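Trainee: Sending over target-v6.cif (mmCIF, C-alpha atoms (C1' of nucleotides)).
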data_my_file
#
loop_
_atom_site.label_atom_id
_atom_site.label_comp_id
_atom_site.auth_asym_id
_atom_site.auth_seq_id
_atom_site.Cartn_x
_atom_site.Cartn_y
_atom_site.Cartn_z
CA MET A 1 3.77 -6.23 27.03
CA ASP A 2 7.33 -5.64 26.00
CA THR A 3 7.65 -4.27 22.51
CA VAL A 4 10.04 -4.83 19.67
CA ARG A 5 11.73 -1.51 20.12
CA GLU A 6 12.34 -2.11 23.80
CA ALA A 7 13.65 -5.59 23.17
CA SER A 8 15.90 -4.57 20.32
CA GLY A 9 17.16 -1.34 21.87
CA ASN A 10 16.96 0.12 18.37
CA PRO A 11 14.79 3.24 18.42
CA PRO A 12 13.20 3.74 15.01
CA GLY A 13 14.45 6.64 12.93
CA ALA A 14 12.34 9.44 11.56
CA ALA A 15 11.92 7.69 8.21
CA PHE A 16 10.43 4.57 9.81
CA LEU A 17 8.11 6.70 11.91
CA LEU A 18 7.05 8.59 8.79
CA ALA A 19 6.33 5.33 6.97
CA ALA A 20 4.42 3.83 9.89
CA ILE A 21 2.37 6.93 10.71
CA GLY A 22 1.80 7.55 7.00
CA ALA A 23 0.37 4.07 6.49
CA HIS A 24 -1.77 4.51 9.58
CA ALA A 25 -3.04 7.89 8.39
CA THR A 26 -3.79 6.44 4.95
CA ALA A 27 -5.83 3.60 6.45
CA ARG A 28 -7.78 5.92 8.75
CA PHE A 29 -8.51 8.31 5.89
CA ALA A 30 -9.74 5.44 3.72
CA GLU A 31 -12.17 4.48 6.47
CA ARG A 32 -13.51 8.03 6.73
CA ILE A 33 -14.07 8.65 3.03
CA ALA A 34 -15.59 5.19 2.62
CA ALA A 35 -18.58 6.82 4.33
CA LEU A 36 -18.82 9.00 1.19
CA GLU A 37 -18.52 5.83 -0.95
CA LEU A 38 -15.20 6.95 -2.39
CA SER A 39 -11.79 5.30 -2.49
CA PRO A 40 -8.61 7.30 -1.76
CA PRO A 41 -7.47 7.30 -5.42
CA GLN A 42 -10.91 8.48 -6.52
CA THR A 43 -10.73 11.24 -3.93
CA GLY A 44 -7.34 12.39 -5.19
CA LEU A 45 -8.61 12.46 -8.75
CA MET A 46 -11.72 14.43 -7.77
CA ARG A 47 -9.49 17.01 -6.13
CA VAL A 48 -7.39 17.38 -9.26
CA VAL A 49 -10.38 17.63 -11.60
CA VAL A 50 -11.99 20.30 -9.44
CA ALA A 51 -8.70 22.16 -9.09
CA THR A 52 -7.96 22.13 -12.83
CA PRO A 53 -11.09 21.27 -14.81
CA GLY A 54 -11.12 20.56 -18.52
CA ARG A 55 -8.02 18.41 -18.72
CA SER A 56 -7.79 15.31 -20.85
CA GLN A 57 -7.14 11.91 -19.33
CA GLN A 58 -3.70 11.98 -20.92
CA GLU A 59 -2.85 15.24 -19.17
CA LEU A 60 -4.08 13.91 -15.85
CA SER A 61 -2.18 10.70 -16.40
CA GLU A 62 0.97 12.78 -16.92
CA LEU A 63 0.30 15.01 -13.90
CA LEU A 64 -0.44 12.13 -11.54
CA GLY A 65 2.27 9.91 -12.95
CA THR A 66 -0.07 6.98 -13.45
CA PRO A 67 -0.80 4.87 -16.55
CA PRO A 68 -3.77 6.07 -18.63
CA SER A 69 -5.43 2.68 -18.26
CA ARG A 70 -5.66 3.19 -14.51
CA LEU A 71 -7.47 6.49 -14.97
CA VAL A 72 -10.23 4.83 -16.99
CA GLY A 73 -11.61 2.90 -14.04
CA LEU A 74 -11.34 5.84 -11.68
CA VAL A 75 -13.13 8.17 -14.09
CA ASP A 76 -15.74 5.49 -14.84
CA GLY A 77 -16.54 5.16 -11.14
CA LEU A 78 -16.76 8.89 -10.53
CA ALA A 79 -18.83 9.46 -13.67
CA ALA A 80 -21.21 6.65 -12.67
CA LYS A 81 -21.79 8.49 -9.38
CA GLY A 82 -22.48 11.68 -11.30
CA LEU A 83 -19.53 13.51 -9.74
CA LEU A 84 -17.75 14.33 -12.98
CA GLU A 85 -18.39 14.08 -16.70
CA ARG A 86 -16.45 13.45 -19.91
CA ARG A 87 -16.99 16.11 -22.55
CA ARG A 88 -15.93 15.37 -26.10
CA ASN A 89 -13.50 17.83 -27.65
CA GLU A 90 -15.23 18.86 -30.87
CA THR A 91 -12.07 19.74 -32.80
CA ASP A 92 -10.24 16.51 -31.84
CA ARG A 93 -12.78 13.86 -31.09
CA ARG A 94 -10.21 11.53 -29.58
CA LEU A 95 -9.99 13.69 -26.46
CA TYR A 96 -12.27 14.02 -23.50
CA ALA A 97 -12.24 17.02 -21.19
CA LEU A 98 -13.04 16.11 -17.59
CA HIS A 99 -15.30 18.46 -15.67
CA PRO A 100 -16.84 18.19 -12.20
CA THR A 101 -20.62 18.26 -12.00
CA ALA A 102 -22.53 20.30 -9.44
CA ALA A 103 -22.74 17.14 -7.35
CA GLY A 104 -18.98 16.76 -7.72
CA ILE A 105 -18.37 20.26 -6.42
CA ALA A 106 -20.68 19.58 -3.51
CA MET A 107 -18.78 16.36 -2.85
CA ILE A 108 -15.48 18.25 -2.74
CA GLU A 109 -16.88 20.30 0.12
CA LYS A 110 -17.65 17.11 2.03
CA ILE A 111 -14.23 15.71 1.22
CA GLY A 112 -12.63 18.84 2.59
CA LEU A 113 -14.63 18.52 5.78
CA VAL A 114 -13.66 14.86 6.19
CA GLY A 115 -10.06 15.81 5.51
CA ARG A 116 -10.03 18.41 8.24
CA GLU A 117 -11.60 16.01 10.73
CA HIS A 118 -9.03 13.41 9.75
CA ASP A 119 -6.20 15.89 10.11
CA ASP A 120 -7.40 16.84 13.54
CA ALA A 121 -7.69 13.21 14.65
CA VAL A 122 -4.23 12.23 13.40
CA CYS A 123 -2.60 15.23 15.07
CA ALA A 124 -4.56 14.93 18.31
CA ALA A 125 -1.32 14.56 20.28
CA LEU A 126 -0.10 18.01 19.23
CA ASP A 127 -1.22 21.55 20.00
CA ASP A 128 -1.67 24.15 17.26
CA GLY A 129 1.86 25.48 17.43
CA GLU A 130 3.34 22.00 17.24
CA ARG A 131 1.15 21.14 14.27
CA ALA A 132 2.46 24.20 12.45
CA VAL A 133 6.03 23.18 13.22
CA LEU A 134 5.32 19.65 11.94
CA ARG A 135 3.73 20.93 8.74
CA GLY A 136 6.70 23.19 8.13
CA LEU A 137 9.19 20.35 8.49
CA LEU A 138 7.07 18.02 6.31
CA VAL A 139 6.66 20.59 3.55
CA ARG A 140 10.41 20.98 3.37
CA ILE A 141 10.98 17.22 3.25
CA ALA A 142 8.33 16.83 0.54
CA ALA A 143 9.91 19.57 -1.57
CA GLU A 144 13.43 18.23 -1.19
CA GLN A 145 12.28 14.71 -2.05
CA GLY A 146 10.67 15.94 -5.25
CA LEU A 147 7.06 15.20 -4.34
CA THR A 148 4.44 17.08 -6.34
CA PRO A 149 2.43 19.24 -3.91
CA GLY A 150 -1.10 17.94 -3.44
CA VAL A 151 -0.45 14.69 -5.31
CA HIS A 152 -0.15 11.42 -3.43
CA PRO A 153 2.86 9.44 -4.70
CA SER A 154 0.94 6.16 -4.74
CA TYR A 155 -0.25 7.21 -8.20
CA ARG A 156 3.34 7.06 -9.37
CA ARG A 157 4.89 3.93 -10.78
CA ILE A 158 8.44 3.18 -9.68
CA MET B 1 4.03 23.71 -14.41
CA ASP B 2 1.31 24.79 -12.08
CA THR B 3 0.44 22.25 -9.43
CA VAL B 4 -2.75 21.03 -7.91
CA ARG B 5 -2.15 22.81 -4.67
CA GLU B 6 -1.54 26.11 -6.38
CA ALA B 7 -4.59 25.74 -8.56
CA SER B 8 -6.86 24.63 -5.74
CA GLY B 9 -5.59 27.07 -3.13
CA ASN B 10 -6.04 24.25 -0.62
CA PRO B 11 -2.74 23.65 1.18
CA PRO B 12 -2.56 20.02 2.31
CA GLY B 13 -2.81 19.39 6.04
CA ALA B 14 -0.25 17.56 8.12
CA ALA B 15 -2.10 14.24 7.78
CA PHE B 16 -1.95 14.36 3.99
CA LEU B 17 1.73 15.26 4.09
CA LEU B 18 2.35 12.38 6.49
CA ALA B 19 0.53 9.97 4.17
CA ALA B 20 2.35 11.22 1.07
CA ILE B 21 5.82 11.33 2.60
CA GLY B 22 5.18 8.01 4.33
CA ALA B 23 4.29 6.31 1.05
CA HIS B 24 7.35 7.87 -0.57
CA ALA B 25 9.60 6.73 2.27
CA THR B 26 8.13 3.23 2.08
CA ALA B 27 8.82 3.01 -1.66
CA ARG B 28 12.38 4.30 -1.31
CA PHE B 29 13.09 1.88 1.53
CA ALA B 30 11.74 -1.02 -0.53
CA GLU B 31 14.18 -0.10 -3.29
CA ARG B 32 17.12 -0.03 -0.93
CA ILE B 33 16.26 -3.23 0.85
CA ALA B 34 15.72 -5.02 -2.47
CA ALA B 35 19.50 -4.85 -2.85
CA LEU B 36 19.61 -7.29 0.08
CA GLU B 37 16.98 -9.42 -1.67
CA LEU B 38 14.44 -8.76 1.07
CA SER B 39 10.93 -7.35 0.99
CA PRO B 40 9.80 -4.80 3.60
CA PRO B 41 7.52 -7.29 5.40
CA GLN B 42 10.35 -9.83 5.54
CA THR B 43 12.61 -7.12 6.94
CA GLY B 44 10.12 -6.27 9.67
CA LEU B 45 9.78 -9.92 10.61
CA MET B 46 13.56 -10.39 10.74
CA ARG B 47 13.78 -7.46 13.12
CA VAL B 48 11.17 -8.96 15.42
CA VAL B 49 12.72 -12.44 15.39
CA VAL B 50 16.15 -11.04 16.22
CA ALA B 51 14.70 -8.76 18.89
CA THR B 52 12.70 -11.52 20.58
CA PRO B 53 13.91 -14.94 19.43
CA GLY B 54 12.17 -18.20 20.22
CA ARG B 55 8.60 -17.10 19.66
CA SER B 56 6.02 -19.26 17.94
CA GLN B 57 4.35 -18.15 14.73
CA GLN B 58 1.13 -17.70 16.70
CA GLU B 59 2.83 -15.30 19.09
CA LEU B 60 4.37 -13.34 16.24
CA SER B 61 1.04 -13.31 14.46
CA GLU B 62 -0.50 -11.79 17.58
CA LEU B 63 2.30 -9.25 18.06
CA LEU B 64 2.28 -8.08 14.44
CA GLY B 65 -1.48 -8.22 14.13
CA THR B 66 -1.38 -10.31 10.98
CA PRO B 67 -3.08 -13.61 10.09
CA PRO B 68 -0.97 -16.72 10.83
CA SER B 69 -1.30 -17.78 7.20
CA ARG B 70 0.56 -14.69 6.09
CA LEU B 71 3.47 -15.51 8.37
CA VAL B 72 3.98 -18.88 6.71
CA GLY B 73 5.16 -17.40 3.44
CA LEU B 74 7.37 -14.81 5.12
CA VAL B 75 9.02 -17.41 7.34
CA ASP B 76 9.38 -19.79 4.39
CA GLY B 77 11.23 -17.13 2.40
CA LEU B 78 13.54 -16.16 5.23
CA ALA B 79 14.24 -19.79 6.13
CA ALA B 80 15.02 -20.58 2.48
CA LYS B 81 17.64 -17.83 2.56
CA GLY B 82 19.10 -19.33 5.74
CA LEU B 83 18.34 -16.21 7.77
CA LEU B 84 16.16 -17.90 10.39
CA GLU B 85 15.12 -21.41 11.34
CA ARG B 86 12.10 -23.20 12.78
CA ARG B 87 12.90 -25.31 15.83
CA ARG B 88 10.34 -27.85 16.98
CA ASN B 89 9.15 -27.50 20.55
CA GLU B 90 9.77 -30.98 22.01
CA THR B 91 7.07 -30.77 24.69
CA ASP B 92 4.38 -29.52 22.32
CA ARG B 93 5.20 -30.64 18.83
CA ARG B 94 2.59 -28.37 17.24
CA LEU B 95 4.75 -25.33 17.92
CA TYR B 96 7.82 -23.98 16.18
CA ALA B 97 10.21 -21.57 17.85
CA LEU B 98 11.73 -19.09 15.39
CA HIS B 99 15.40 -18.26 15.82
CA PRO B 100 17.75 -16.18 13.69
CA THR B 101 20.78 -17.96 12.24
CA ALA B 102 24.26 -16.46 12.29
CA ALA B 103 23.61 -15.28 8.73
CA GLY B 104 20.37 -13.73 9.96
CA ILE B 105 22.17 -11.77 12.65
CA ALA B 106 24.72 -10.61 10.10
CA MET B 107 21.84 -9.57 7.85
CA ILE B 108 20.32 -7.49 10.63
CA GLU B 109 23.51 -5.47 10.74
CA LYS B 110 23.20 -4.75 7.02
CA ILE B 111 19.55 -3.88 7.44
CA GLY B 112 20.44 -1.42 10.15
CA LEU B 113 23.02 0.20 7.90
CA VAL B 114 20.55 0.48 5.03
CA GLY B 115 18.00 1.91 7.44
CA ARG B 116 20.34 4.64 8.59
CA GLU B 117 21.26 5.56 5.01
CA HIS B 118 17.57 5.64 4.16
CA ASP B 119 16.80 7.79 7.17
CA ASP B 120 19.51 10.23 6.21
CA ALA B 121 18.28 10.45 2.62
CA VAL B 122 14.64 11.01 3.57
CA CYS B 123 15.55 13.73 6.07
CA ALA B 124 18.14 15.41 3.84
CA ALA B 125 16.19 18.68 3.98
CA LEU B 126 16.62 18.96 7.75
CA ASP B 127 19.59 19.58 10.02
CA ASP B 128 20.25 17.44 13.10
CA GLY B 129 18.27 19.61 15.48
CA GLU B 130 15.27 19.67 13.17
CA ARG B 131 15.39 15.89 12.76
CA ALA B 132 15.28 15.51 16.53
CA VAL B 133 12.28 17.83 16.71
CA LEU B 134 10.55 15.85 13.96
CA ARG B 135 11.23 12.53 15.67
CA GLY B 136 9.87 13.90 18.93
CA LEU B 137 6.63 15.01 17.33
CA LEU B 138 6.24 11.75 15.40
CA VAL B 139 6.85 9.59 18.47
CA ARG B 140 4.08 11.44 20.29
CA ILE B 141 1.67 11.04 17.37
CA ALA B 142 2.49 7.34 17.09
CA ALA B 143 1.90 6.79 20.80
CA GLU B 144 -1.38 8.72 20.85
CA GLN B 145 -2.60 6.85 17.75
CA GLY B 146 -1.94 3.52 19.43
CA LEU B 147 0.81 2.31 17.08
CA THR B 148 3.04 -0.43 18.46
CA PRO B 149 6.62 0.92 18.57
CA GLY B 150 8.84 -0.72 15.98
CA VAL B 151 5.95 -2.46 14.20
CA HIS B 152 4.75 -1.21 10.84
CA PRO B 153 0.93 -1.03 10.78
CA SER B 154 0.71 -2.56 7.30
CA TYR B 155 0.83 -5.93 9.06
CA ARG B 156 -2.47 -5.09 10.70
CA ARG B 157 -5.80 -5.97 9.19
CA ILE B 158 -8.49 -3.32 9.43
"C1'" DT C 1 -12.68 -30.99 21.10
"C1'" DA C 2 -9.13 -27.26 20.69
"C1'" DT C 3 -4.89 -25.41 18.79
"C1'" DT C 4 -0.61 -24.78 15.55
"C1'" DG C 5 0.72 -24.36 11.41
"C1'" DT C 6 -0.37 -25.02 6.36
"C1'" DT C 7 -2.78 -24.97 2.04
"C1'" DA C 8 -6.51 -23.62 -1.16
"C1'" DT C 9 -9.07 -20.18 -2.80
"C1'" DA C 10 -10.56 -15.74 -3.90
"C1'" DC C 11 -10.32 -10.82 -3.95
"C1'" DT C 12 -8.19 -6.14 -4.64
"C1'" DC C 13 -5.19 -3.32 -6.85
"C1'" DT C 14 -2.15 -2.31 -10.37
"C1'" DA C 15 0.76 -2.49 -14.67
"C1'" DT C 16 1.60 -4.03 -19.48
"C1'" DA C 17 0.27 -4.67 -23.79
"C1'" DA C 18 -3.11 -5.28 -27.33
"C1'" DC C 19 -6.91 -3.01 -29.37
"C1'" DT C 20 -10.43 0.94 -31.42
"C1'" DA C 21 -11.33 5.21 -33.11
"C1'" DT C 22 -9.84 9.20 -34.55
"C1'" DA C 23 -6.30 12.14 -36.52
"C1'" DT D 1 1.70 6.45 -38.97
"C1'" DA D 2 0.65 8.48 -34.48
"C1'" DT D 3 -2.30 9.50 -30.51
"C1'" DA D 4 -6.42 9.22 -26.90
"C1'" DG D 5 -8.76 6.25 -24.64
"C1'" DT D 6 -10.22 1.36 -23.65
"C1'" DT D 7 -10.07 -3.51 -22.78
"C1'" DA D 8 -7.75 -7.91 -21.76
"C1'" DT D 9 -4.61 -10.18 -19.24
"C1'" DA D 10 -1.48 -11.15 -15.73
"C1'" DG D 11 1.00 -10.37 -11.47
"C1'" DA D 12 1.71 -9.10 -6.57
"C1'" DG D 13 -0.04 -9.07 -2.11
"C1'" DT D 14 -3.35 -10.23 1.15
"C1'" DA D 15 -7.40 -12.34 3.78
"C1'" DT D 16 -10.66 -16.15 4.69
"C1'" DA D 17 -11.66 -20.56 5.38
"C1'" DA D 18 -10.79 -25.41 5.03
"C1'" DC D 19 -7.36 -28.76 6.39
"C1'" DA D 20 -3.74 -32.01 8.77
"C1'" DA D 21 -1.14 -32.93 12.77
"C1'" DT D 22 -0.84 -32.75 17.53
"C1'" DA D 23 -2.62 -31.93 22.02
#
How would this structure read if it were set down as structure tokens?

Mentor:
Amino acid sequence: MDTVREASGNPPGAAFLLAAIGAHATARFAERIAALELSPPQTGLMRVVVATPGRSQQELSELLGTPPSRLVGLVDGLAAKGLLERRRNETDRRLYALHPTAAGIAMIEKIGLVGREHDDAVCAALDDGERAVLRGLLVRIAAEQGLTPGVHPSYRRI
Amino acid sequence: MDTVREASGNPPGAAFLLAAIGAHATARFAERIAALELSPPQTGLMRVVVATPGRSQQELSELLGTPPSRLVGLVDGLAAKGLLERRRNETDRRLYALHPTAAGIAMIEKIGLVGREHDDAVCAALDDGERAVLRGLLVRIAAEQGLTPGVHPSYRRI
DNA sequence: TATTGTTATACTCTATAACTATA
DNA sequence: TATAGTTATAGAGTATAACAATA
């Protein structure tokens, strides 16, 4: 079948390829972690809570760049699964501190495993050296574009 | 401020970087193209119609991998702007053939310009040689992952 | 009876703003 | 009066399935 690119004679630029492959990678990752009964935003939040435990929802809201109201549902879901818990701050009882449970820490291990499998599948076309080159270029783009390392920008409002 | 990556000691893999930068690129492109009063899905459809004019909505639905019902709204919007038109097939009056108007072809030129500006902005961290290397790696990933060249996978249902 | 395009409906995800409880 | 967290509401975007017109 002839394709759009061939018909238009307009080879896509790097930015279009990044958008297309990024959306593809996002969809494939969502499929994989659905096996752990987690959504991608829940997964990102779990990572942050494990990386920096004890933060309030306000602090996480600030770090992720997402409205506090969005965090409520994510935390509710993860707490209902027993992966993290809200601990009242005794000196200021308006605040919660979020901490991973033992099950949450175990889950992070599984998430890491799924992530590595996913990474390997997405980069199947490249050998190890090429993957390193790609990562190097992507890290530089991410830094120049002002992306927070380790935080997916879909948390951010425009 | 310390970041999640630093705190977790878990450098993101290439797939996460692709997802994050891809989402960022998508959002930035949507901002740019909004100046032309188009949405990203409308833009993708315009590209396809200009590249291969005269197709029916069924054929485009098949090519893009999207339900026919979704195409209706996109075509409606583009037709209302006078960028493309539905022409009845006289031998089988169930079918429409989609054709760009003169205004639509002029719009494609603007879209191309916006796309090149966007590409340049996203890749600002890289010099020309590095951009070529990046494109080469991305094209190979896209091909191996089964992505249709020139078609954004967000049209595709899971 | 099958197919093209359309409409009706519902679902997911998210943001905004109003609300409560604490300070 | 201000702040942390929650709830209520609404909007965008999409898919599924029912539908009308044509074959």

Trainee: For the atom pair atom CA of Ala19 of chain A and atom CA of Ala25 of chain B, what is the interatomic distance in Å to one decimal place?

Mentor: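 Between these atoms lies a distance of 5.9 Å.
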
Trainee: Residues of chain B within 8 Å of chain C, counting all atoms listed in the file - could you list those as a ChimeraX atom specification?

Mentor: /B:57-58,68-69,72,94-95

Trainee: Mind pulling up the distance from atom CA of His24 of chain B to atom CA of Gly44 of chain B?

Mentor: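 Interatomic distance, atom CA of Gly44 of chain B to atom CA of His24 of chain B: 17.7 Å.
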
Trainee: Using only C-alpha atoms (C1' of nucleotides), which residues sit within 12 Å of Glu62 of chain A once same-chain residues fewer than 6 positions away are excluded, as a VMD selection string?

Mentor: (chain A and resid 55 to 56 68 70 to 71 148 151 155 to 157) or (chain B and resid 1)

Trainee: Any chance you could work out the residue set of the PyMOL selection byres ((chain B and resi 31-37) around 10) here, as a VMD selection string?

Mentor: (chain A and resid 158) or (chain B and resid 25 to 30 38 to 40 42 to 43 81 107 110 to 111 114 to 115 117 to 118)

Trainee: May I ask you to extract the residues of chain A within 6 Å of chain B, using all atoms listed in the file, and to give them as a list of chain:residue names?

Mentor: A:Val4, A:Arg5, A:Ala7, A:Ser8, A:Ala14, A:Ala15, A:Leu18, A:Ala19, A:Ala20, A:Gly22, A:Ala25, A:Thr26, A:Ala51, A:Asp119, A:Ala125, A:Arg135, A:Ile141, A:Glu144, A:Pro149, A:Gly150, A:His152

Trainee: The coordinates of chain B, once least-squares superposed on chain A over all sequentially paired C-alpha atoms, should be supplied as a tab-separated table (two decimals) with C-alpha atoms, keeping the file's coordinate frame.

Mentor:
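The resulting selection.tsv:
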chain	number	residue	atom	x	y	z
B	1	MET	CA	3.78	-6.43	26.99
B	2	ASP	CA	7.30	-5.69	25.98
B	3	THR	CA	7.65	-4.29	22.50
B	4	VAL	CA	10.05	-4.84	19.68
B	5	ARG	CA	11.72	-1.52	20.17
B	6	GLU	CA	12.31	-2.14	23.83
B	7	ALA	CA	13.66	-5.60	23.21
B	8	SER	CA	15.89	-4.56	20.33
B	9	GLY	CA	17.15	-1.33	21.87
B	10	ASN	CA	16.98	0.13	18.36
B	11	PRO	CA	14.80	3.25	18.41
B	12	PRO	CA	13.21	3.73	14.98
B	13	GLY	CA	14.48	6.66	12.93
B	14	ALA	CA	12.34	9.45	11.56
B	15	ALA	CA	11.93	7.70	8.19
B	16	PHE	CA	10.45	4.59	9.80
B	17	LEU	CA	8.12	6.71	11.91
B	18	LEU	CA	7.05	8.61	8.80
B	19	ALA	CA	6.35	5.34	6.97
B	20	ALA	CA	4.43	3.85	9.90
B	21	ILE	CA	2.38	6.94	10.71
B	22	GLY	CA	1.81	7.56	7.01
B	23	ALA	CA	0.39	4.07	6.50
B	24	HIS	CA	-1.77	4.52	9.59
B	25	ALA	CA	-3.03	7.89	8.39
B	26	THR	CA	-3.77	6.44	4.96
B	27	ALA	CA	-5.82	3.60	6.47
B	28	ARG	CA	-7.76	5.92	8.77
B	29	PHE	CA	-8.49	8.31	5.90
B	30	ALA	CA	-9.72	5.44	3.74
B	31	GLU	CA	-12.16	4.50	6.50
B	32	ARG	CA	-13.51	8.01	6.76
B	33	ILE	CA	-13.83	8.58	3.06
B	34	ALA	CA	-15.58	5.22	2.62
B	35	ALA	CA	-18.54	6.87	4.33
B	36	LEU	CA	-18.79	9.02	1.19
B	37	GLU	CA	-18.52	5.87	-0.92
B	38	LEU	CA	-15.19	6.98	-2.38
B	39	SER	CA	-11.79	5.33	-2.48
B	40	PRO	CA	-8.63	7.34	-1.76
B	41	PRO	CA	-7.48	7.31	-5.41
B	42	GLN	CA	-10.92	8.49	-6.54
B	43	THR	CA	-10.74	11.25	-3.94
B	44	GLY	CA	-7.36	12.41	-5.21
B	45	LEU	CA	-8.63	12.46	-8.77
B	46	MET	CA	-11.73	14.44	-7.79
B	47	ARG	CA	-9.50	17.02	-6.15
B	48	VAL	CA	-7.40	17.39	-9.28
B	49	VAL	CA	-10.40	17.62	-11.62
B	50	VAL	CA	-12.01	20.30	-9.46
B	51	ALA	CA	-8.72	22.16	-9.11
B	52	THR	CA	-7.97	22.13	-12.84
B	53	PRO	CA	-11.10	21.26	-14.82
B	54	GLY	CA	-11.14	20.53	-18.53
B	55	ARG	CA	-8.03	18.39	-18.74
B	56	SER	CA	-7.80	15.28	-20.87
B	57	GLN	CA	-7.14	11.89	-19.34
B	58	GLN	CA	-3.69	11.97	-20.93
B	59	GLU	CA	-2.87	15.23	-19.18
B	60	LEU	CA	-4.11	13.91	-15.86
B	61	SER	CA	-2.20	10.71	-16.41
B	62	GLU	CA	0.94	12.78	-16.90
B	63	LEU	CA	0.27	15.02	-13.89
B	64	LEU	CA	-0.47	12.13	-11.52
B	65	GLY	CA	2.24	9.92	-12.94
B	66	THR	CA	-0.09	6.99	-13.46
B	67	PRO	CA	-0.82	4.86	-16.54
B	68	PRO	CA	-3.77	6.08	-18.65
B	69	SER	CA	-5.42	2.69	-18.27
B	70	ARG	CA	-5.68	3.18	-14.54
B	71	LEU	CA	-7.49	6.47	-15.01
B	72	VAL	CA	-10.24	4.81	-17.02
B	73	GLY	CA	-11.61	2.89	-14.07
B	74	LEU	CA	-11.35	5.84	-11.70
B	75	VAL	CA	-13.13	8.16	-14.12
B	76	ASP	CA	-15.74	5.49	-14.86
B	77	GLY	CA	-16.54	5.17	-11.15
B	78	LEU	CA	-16.76	8.89	-10.55
B	79	ALA	CA	-18.83	9.45	-13.69
B	80	ALA	CA	-21.21	6.65	-12.66
B	81	LYS	CA	-21.78	8.48	-9.38
B	82	GLY	CA	-22.49	11.69	-11.32
B	83	LEU	CA	-19.53	13.49	-9.75
B	84	LEU	CA	-17.74	14.32	-13.00
B	85	GLU	CA	-18.39	14.05	-16.72
B	86	ARG	CA	-16.45	13.44	-19.92
B	87	ARG	CA	-17.01	16.10	-22.57
B	88	ARG	CA	-15.92	15.37	-26.11
B	89	ASN	CA	-13.49	17.83	-27.64
B	90	GLU	CA	-15.21	18.84	-30.90
B	91	THR	CA	-12.02	19.75	-32.77
B	92	ASP	CA	-10.19	16.56	-31.82
B	93	ARG	CA	-12.70	13.86	-31.12
B	94	ARG	CA	-10.12	11.53	-29.58
B	95	LEU	CA	-9.96	13.68	-26.46
B	96	TYR	CA	-12.28	14.00	-23.50
B	97	ALA	CA	-12.26	17.00	-21.20
B	98	LEU	CA	-13.07	16.09	-17.60
B	99	HIS	CA	-15.31	18.46	-15.68
B	100	PRO	CA	-16.84	18.19	-12.22
B	101	THR	CA	-20.64	18.25	-12.02
B	102	ALA	CA	-22.53	20.31	-9.46
B	103	ALA	CA	-22.75	17.15	-7.35
B	104	GLY	CA	-19.00	16.76	-7.73
B	105	ILE	CA	-18.37	20.26	-6.43
B	106	ALA	CA	-20.69	19.60	-3.52
B	107	MET	CA	-18.78	16.38	-2.86
B	108	ILE	CA	-15.49	18.27	-2.75
B	109	GLU	CA	-16.87	20.31	0.11
B	110	LYS	CA	-17.65	17.12	2.03
B	111	ILE	CA	-14.23	15.73	1.22
B	112	GLY	CA	-12.63	18.86	2.59
B	113	LEU	CA	-14.63	18.53	5.80
B	114	VAL	CA	-13.65	14.88	6.20
B	115	GLY	CA	-10.05	15.83	5.52
B	116	ARG	CA	-10.01	18.42	8.26
B	117	GLU	CA	-11.59	16.01	10.76
B	118	HIS	CA	-9.02	13.41	9.76
B	119	ASP	CA	-6.19	15.89	10.12
B	120	ASP	CA	-7.38	16.85	13.57
B	121	ALA	CA	-7.67	13.22	14.67
B	122	VAL	CA	-4.22	12.24	13.40
B	123	CYS	CA	-2.58	15.24	15.08
B	124	ALA	CA	-4.54	14.94	18.33
B	125	ALA	CA	-1.30	14.56	20.30
B	126	LEU	CA	-0.08	18.01	19.25
B	127	ASP	CA	-1.20	21.54	20.02
B	128	ASP	CA	-1.66	24.15	17.29
B	129	GLY	CA	1.88	25.48	17.46
B	130	GLU	CA	3.36	22.00	17.26
B	131	ARG	CA	1.16	21.13	14.28
B	132	ALA	CA	2.46	24.20	12.47
B	133	VAL	CA	6.04	23.17	13.22
B	134	LEU	CA	5.32	19.66	11.95
B	135	ARG	CA	3.73	20.94	8.76
B	136	GLY	CA	6.70	23.20	8.15
B	137	LEU	CA	9.17	20.36	8.47
B	138	LEU	CA	7.07	18.03	6.32
B	139	VAL	CA	6.63	20.60	3.55
B	140	ARG	CA	10.40	21.00	3.37
B	141	ILE	CA	10.96	17.24	3.24
B	142	ALA	CA	8.32	16.85	0.54
B	143	ALA	CA	9.88	19.60	-1.57
B	144	GLU	CA	13.42	18.25	-1.20
B	145	GLN	CA	12.23	14.72	-2.05
B	146	GLY	CA	10.64	15.96	-5.25
B	147	LEU	CA	7.01	15.21	-4.33
B	148	THR	CA	4.40	17.09	-6.33
B	149	PRO	CA	2.38	19.23	-3.88
B	150	GLY	CA	-1.15	17.93	-3.43
B	151	VAL	CA	-0.49	14.68	-5.31
B	152	HIS	CA	-0.17	11.42	-3.42
B	153	PRO	CA	2.84	9.43	-4.69
B	154	SER	CA	0.92	6.15	-4.73
B	155	TYR	CA	-0.25	7.18	-8.20
B	156	ARG	CA	3.34	7.00	-9.36
B	157	ARG	CA	4.88	3.88	-10.78
B	158	ILE	CA	8.41	3.11	-9.66

Trainee: Taking all atoms listed in the file into account, find every residue of chain D that has an atom no more than 9 Å from chain A, and write it out as an NGL selection string.

Mentor: :D and (3-7)

Trainee: Using atom CA of Ala106 of chain A and atom CA of Gly82 of chain A as the two end points, give the distance in Å to one decimal.

Mentor: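 If I compute the distance from atom CA of Ala106 of chain A to atom CA of Gly82 of chain A, I get 11.2 Å.
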